[in-house]
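Okay, structure.txt now, which holds compact mmCIF, N, CA, C and O atoms:
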```
# COMPACT_ATOMS: atom_id res chain seq x y z
N MET L 1 19.32 41.25 23.13
CA MET L 1 18.49 40.50 22.22
C MET L 1 17.53 39.63 23.00
O MET L 1 17.83 39.14 24.07
N ALA L 2 16.39 39.43 22.43
CA ALA L 2 15.39 38.58 23.07
C ALA L 2 15.73 37.12 22.81
O ALA L 2 16.22 36.76 21.74
N SER L 3 15.48 36.32 23.80
CA SER L 3 15.75 34.89 23.60
C SER L 3 14.67 34.30 22.68
O SER L 3 13.65 34.93 22.40
N GLY L 4 14.91 33.09 22.25
CA GLY L 4 13.98 32.45 21.33
C GLY L 4 12.61 32.24 21.93
O GLY L 4 11.59 32.37 21.25
N ASP L 5 12.56 31.94 23.24
CA ASP L 5 11.26 31.72 23.88
C ASP L 5 10.43 32.99 23.93
O ASP L 5 9.21 32.97 23.69
N GLU L 6 11.07 34.12 24.21
CA GLU L 6 10.35 35.40 24.25
C GLU L 6 9.83 35.78 22.88
O GLU L 6 8.72 36.31 22.73
N LEU L 7 10.62 35.49 21.86
CA LEU L 7 10.22 35.81 20.50
C LEU L 7 9.01 34.97 20.08
O LEU L 7 8.04 35.49 19.50
N VAL L 8 9.03 33.68 20.41
CA VAL L 8 7.90 32.81 20.08
C VAL L 8 6.66 33.25 20.84
O VAL L 8 5.55 33.29 20.28
N LYS L 9 6.81 33.64 22.09
CA LYS L 9 5.68 34.11 22.89
C LYS L 9 5.08 35.38 22.28
O LYS L 9 3.86 35.51 22.16
N TYR L 10 5.92 36.32 21.86
CA TYR L 10 5.46 37.57 21.26
C TYR L 10 4.70 37.30 19.96
O TYR L 10 3.62 37.85 19.72
N ILE L 11 5.26 36.43 19.13
CA ILE L 11 4.62 36.14 17.84
C ILE L 11 3.28 35.45 18.04
O ILE L 11 2.29 35.79 17.38
N THR L 12 3.21 34.50 18.98
CA THR L 12 1.93 33.82 19.22
C THR L 12 0.89 34.77 19.78
O THR L 12 -0.29 34.69 19.42
N GLU L 13 1.29 35.71 20.65
CA GLU L 13 0.34 36.71 21.16
C GLU L 13 -0.21 37.56 20.03
O GLU L 13 -1.41 37.85 19.98
N ARG L 14 0.65 37.98 19.11
CA ARG L 14 0.21 38.81 17.99
C ARG L 14 -0.75 38.03 17.08
O ARG L 14 -1.76 38.57 16.62
N VAL L 15 -0.44 36.78 16.81
CA VAL L 15 -1.28 35.97 15.94
C VAL L 15 -2.64 35.74 16.58
O VAL L 15 -3.69 35.84 15.92
N VAL L 16 -2.66 35.46 17.88
CA VAL L 16 -3.92 35.19 18.57
C VAL L 16 -4.79 36.45 18.59
O VAL L 16 -6.00 36.38 18.32
N THR L 17 -4.21 37.61 18.86
CA THR L 17 -5.01 38.84 18.86
C THR L 17 -5.52 39.15 17.46
O THR L 17 -6.64 39.66 17.30
N PHE L 18 -4.72 38.84 16.42
CA PHE L 18 -5.17 39.06 15.06
C PHE L 18 -6.35 38.17 14.72
O PHE L 18 -7.32 38.59 14.10
N ILE L 19 -6.27 36.91 15.13
CA ILE L 19 -7.34 35.95 14.82
C ILE L 19 -8.61 36.28 15.60
O ILE L 19 -9.72 36.14 15.08
N GLU L 20 -8.47 36.76 16.82
CA GLU L 20 -9.64 37.01 17.65
C GLU L 20 -10.40 38.28 17.27
O GLU L 20 -11.58 38.39 17.55
N THR L 21 -9.76 39.23 16.62
CA THR L 21 -10.47 40.45 16.23
C THR L 21 -11.33 40.16 15.00
O THR L 21 -10.90 39.45 14.09
N PRO L 22 -12.54 40.70 14.96
CA PRO L 22 -13.41 40.47 13.80
C PRO L 22 -12.84 41.14 12.55
O PRO L 22 -12.09 42.12 12.62
N LYS L 23 -13.18 40.60 11.41
CA LYS L 23 -12.66 41.09 10.14
C LYS L 23 -13.09 42.53 9.88
O LYS L 23 -12.31 43.33 9.36
N GLU L 24 -14.32 42.88 10.25
CA GLU L 24 -14.80 44.24 10.02
C GLU L 24 -13.96 45.25 10.79
O GLU L 24 -13.67 46.34 10.30
N GLU L 25 -13.58 44.91 12.01
CA GLU L 25 -12.77 45.82 12.82
C GLU L 25 -11.37 45.98 12.24
O GLU L 25 -10.81 47.06 12.23
N ARG L 26 -10.81 44.89 11.72
CA ARG L 26 -9.48 44.97 11.11
C ARG L 26 -9.52 45.82 9.85
O ARG L 26 -8.61 46.60 9.59
N LEU L 27 -10.59 45.68 9.06
CA LEU L 27 -10.69 46.46 7.82
C LEU L 27 -10.95 47.93 8.10
O LEU L 27 -10.60 48.79 7.29
N ARG L 28 -11.56 48.23 9.24
CA ARG L 28 -11.85 49.62 9.58
C ARG L 28 -10.57 50.40 9.86
O ARG L 28 -10.51 51.61 9.63
N HIS L 29 -9.52 49.74 10.31
CA HIS L 29 -8.28 50.42 10.66
C HIS L 29 -7.32 50.58 9.49
O HIS L 29 -6.28 51.20 9.65
N THR L 30 -7.64 50.03 8.33
CA THR L 30 -6.75 50.16 7.19
C THR L 30 -6.92 51.53 6.55
O THR L 30 -8.00 52.11 6.54
N LYS L 31 -5.85 52.03 5.99
CA LYS L 31 -5.87 53.33 5.34
C LYS L 31 -6.10 53.14 3.84
O LYS L 31 -5.62 52.18 3.25
N PRO L 32 -6.82 54.07 3.20
CA PRO L 32 -6.99 53.95 1.75
C PRO L 32 -5.67 54.20 1.04
O PRO L 32 -4.84 55.01 1.49
N ARG L 33 -5.46 53.50 -0.05
CA ARG L 33 -4.20 53.64 -0.78
C ARG L 33 -4.25 54.89 -1.64
O ARG L 33 -5.26 55.22 -2.25
N GLU L 34 -3.12 55.57 -1.73
CA GLU L 34 -3.04 56.75 -2.57
C GLU L 34 -2.72 56.32 -4.01
O GLU L 34 -2.12 55.27 -4.22
N PRO L 35 -3.13 57.11 -4.99
CA PRO L 35 -2.85 56.76 -6.38
C PRO L 35 -1.34 56.69 -6.64
O PRO L 35 -0.56 57.41 -6.01
N TRP L 36 -0.93 55.82 -7.56
CA TRP L 36 0.50 55.62 -7.78
C TRP L 36 1.16 56.87 -8.33
O TRP L 36 2.34 57.11 -8.08
N GLY L 37 0.42 57.68 -9.07
CA GLY L 37 1.00 58.91 -9.60
C GLY L 37 1.40 59.88 -8.50
O GLY L 37 2.46 60.50 -8.55
N GLU L 38 0.55 60.01 -7.51
CA GLU L 38 0.87 60.88 -6.38
C GLU L 38 1.97 60.27 -5.51
O GLU L 38 2.79 60.98 -4.95
N LYS L 39 1.98 58.96 -5.41
CA LYS L 39 2.99 58.31 -4.58
C LYS L 39 4.39 58.50 -5.16
O LYS L 39 5.34 58.78 -4.44
N TRP L 40 4.52 58.37 -6.47
CA TRP L 40 5.84 58.44 -7.09
C TRP L 40 6.24 59.85 -7.49
O TRP L 40 7.43 60.17 -7.49
N PHE L 41 5.29 60.69 -7.86
CA PHE L 41 5.64 62.00 -8.40
C PHE L 41 5.08 63.16 -7.59
O PHE L 41 5.26 64.31 -7.97
N GLY L 42 4.39 62.92 -6.50
CA GLY L 42 3.89 63.99 -5.65
C GLY L 42 2.73 64.73 -6.27
O GLY L 42 1.81 64.15 -6.83
N MET L 43 2.77 66.04 -6.19
CA MET L 43 1.65 66.87 -6.65
C MET L 43 1.76 67.24 -8.13
O MET L 43 0.88 67.90 -8.66
N ILE L 44 2.80 66.81 -8.82
CA ILE L 44 2.98 67.17 -10.23
C ILE L 44 1.82 66.66 -11.10
O ILE L 44 1.28 67.43 -11.90
N PRO L 45 1.40 65.39 -11.00
CA PRO L 45 0.28 64.96 -11.85
C PRO L 45 -1.01 65.73 -11.59
O PRO L 45 -1.75 66.03 -12.52
N LEU L 46 -1.26 66.05 -10.32
CA LEU L 46 -2.46 66.82 -10.00
C LEU L 46 -2.38 68.20 -10.64
O LEU L 46 -3.35 68.70 -11.22
N GLY L 47 -1.24 68.84 -10.56
CA GLY L 47 -1.07 70.16 -11.17
C GLY L 47 -1.24 70.13 -12.68
O GLY L 47 -1.85 71.02 -13.26
N LEU L 48 -0.70 69.09 -13.30
CA LEU L 48 -0.83 68.99 -14.76
C LEU L 48 -2.26 68.75 -15.18
O LEU L 48 -2.72 69.32 -16.18
N THR L 49 -3.00 67.94 -14.42
CA THR L 49 -4.40 67.72 -14.79
C THR L 49 -5.23 68.97 -14.59
O THR L 49 -6.15 69.24 -15.35
N LEU L 50 -4.91 69.75 -13.56
CA LEU L 50 -5.64 71.00 -13.36
C LEU L 50 -5.32 72.01 -14.46
O LEU L 50 -6.19 72.77 -14.88
N MET L 51 -4.08 72.03 -14.93
CA MET L 51 -3.71 72.95 -16.00
C MET L 51 -4.33 72.52 -17.33
O MET L 51 -4.64 73.35 -18.18
N LYS L 52 -4.51 71.21 -17.53
CA LYS L 52 -5.04 70.68 -18.78
C LYS L 52 -6.52 70.99 -18.94
O LYS L 52 -7.01 71.16 -20.06
N ARG L 53 -7.23 71.09 -17.84
CA ARG L 53 -8.67 71.37 -17.92
C ARG L 53 -8.92 72.76 -18.49
O ARG L 53 -8.22 73.71 -18.20
N GLN L 54 -9.95 72.85 -19.30
CA GLN L 54 -10.34 74.14 -19.86
C GLN L 54 -11.15 74.91 -18.83
O GLN L 54 -11.98 74.32 -18.14
N PRO L 55 -10.93 76.19 -18.71
CA PRO L 55 -11.75 76.96 -17.76
C PRO L 55 -13.20 76.99 -18.24
O PRO L 55 -13.47 77.10 -19.43
N ARG L 56 -14.09 76.85 -17.30
CA ARG L 56 -15.51 76.86 -17.64
C ARG L 56 -15.97 78.28 -17.97
O ARG L 56 -15.58 79.24 -17.29
N LYS L 57 -16.78 78.38 -19.00
CA LYS L 57 -17.31 79.68 -19.39
C LYS L 57 -18.55 79.99 -18.58
O LYS L 57 -19.39 79.13 -18.38
N LYS L 58 -18.66 81.23 -18.14
CA LYS L 58 -19.81 81.64 -17.35
C LYS L 58 -21.00 81.89 -18.27
O LYS L 58 -20.86 82.44 -19.34
N LYS L 59 -22.16 81.44 -17.83
CA LYS L 59 -23.38 81.66 -18.58
C LYS L 59 -23.94 83.03 -18.24
O LYS L 59 -23.99 83.42 -17.09
N LYS L 60 -24.37 83.74 -19.24
CA LYS L 60 -25.02 85.03 -19.03
C LYS L 60 -26.51 84.79 -18.83
O LYS L 60 -27.14 84.07 -19.59
N ILE L 61 -27.04 85.44 -17.83
CA ILE L 61 -28.46 85.27 -17.51
C ILE L 61 -29.30 86.28 -18.23
O ILE L 61 -29.04 87.34 -18.54
```
Go ahead and express the file in the form of structure tokens.
Amino acid sequence: MASGDELVKYITERVVTFIETPKEERLRHTKPREPWGEKWFGMIPLGLTLMKRQPRKKKKI
């Protein structure tokens, strides 16, 4: 286990690097959130929405 001094040193290093990086750079590394339906139920909602759509009719030229 790390002693208390090492833990405080690690936490302060992380906080300082977080504060020193510009906000734009921090936001660039974030991942977009997936919709809650896909997160909880996987591909089932996507499949149901694709099945619900009516097939498009082809236009005759």
Q: Would you please give, as JSON, numbers by chain, all residues of chain L that DSSP assigns to alpha helix (DSSP H) based on the backbone?
A: {"L": [4, 5, 6, 7, 8, 9, 10, 11, 12, 13, 14, 15, 16, 17, 18, 19, 20, 23, 24, 25, 26, 27, 28, 36, 37, 38, 39, 40, 41, 44, 45, 46, 47, 48, 49, 50, 51, 52]}
Report task. Could you check how far atom N of Arg14 in chain L sits from atom N of Pro32 in chain L, in Å to one decimal? Result ->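 Spanning atom N of Arg14 in chain L to atom N of Pro32 in chain L is a straight-line distance of 23.8 Å.
Across the model, the gap from atom O of Tyr10 in chain L to atom O of Arg33 in chain L is 29.4 Å.
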If I wrap all listed atoms of range 51-55 of chain L in a box with edges along x, y and z and add 6 Å on each side, what are its centre and edge lengths in Å to one decimal, as AutoDock Vina command-line options?
```
--center_x -8.6 --center_y 73.9 --center_z -17.5 --size_x 21.8 --size_y 18.4 --size_z 17.1
```
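Distance-wise, CA of Asp5 in chain L and CA of Thr17 in chain L end up 18.5 Å apart.
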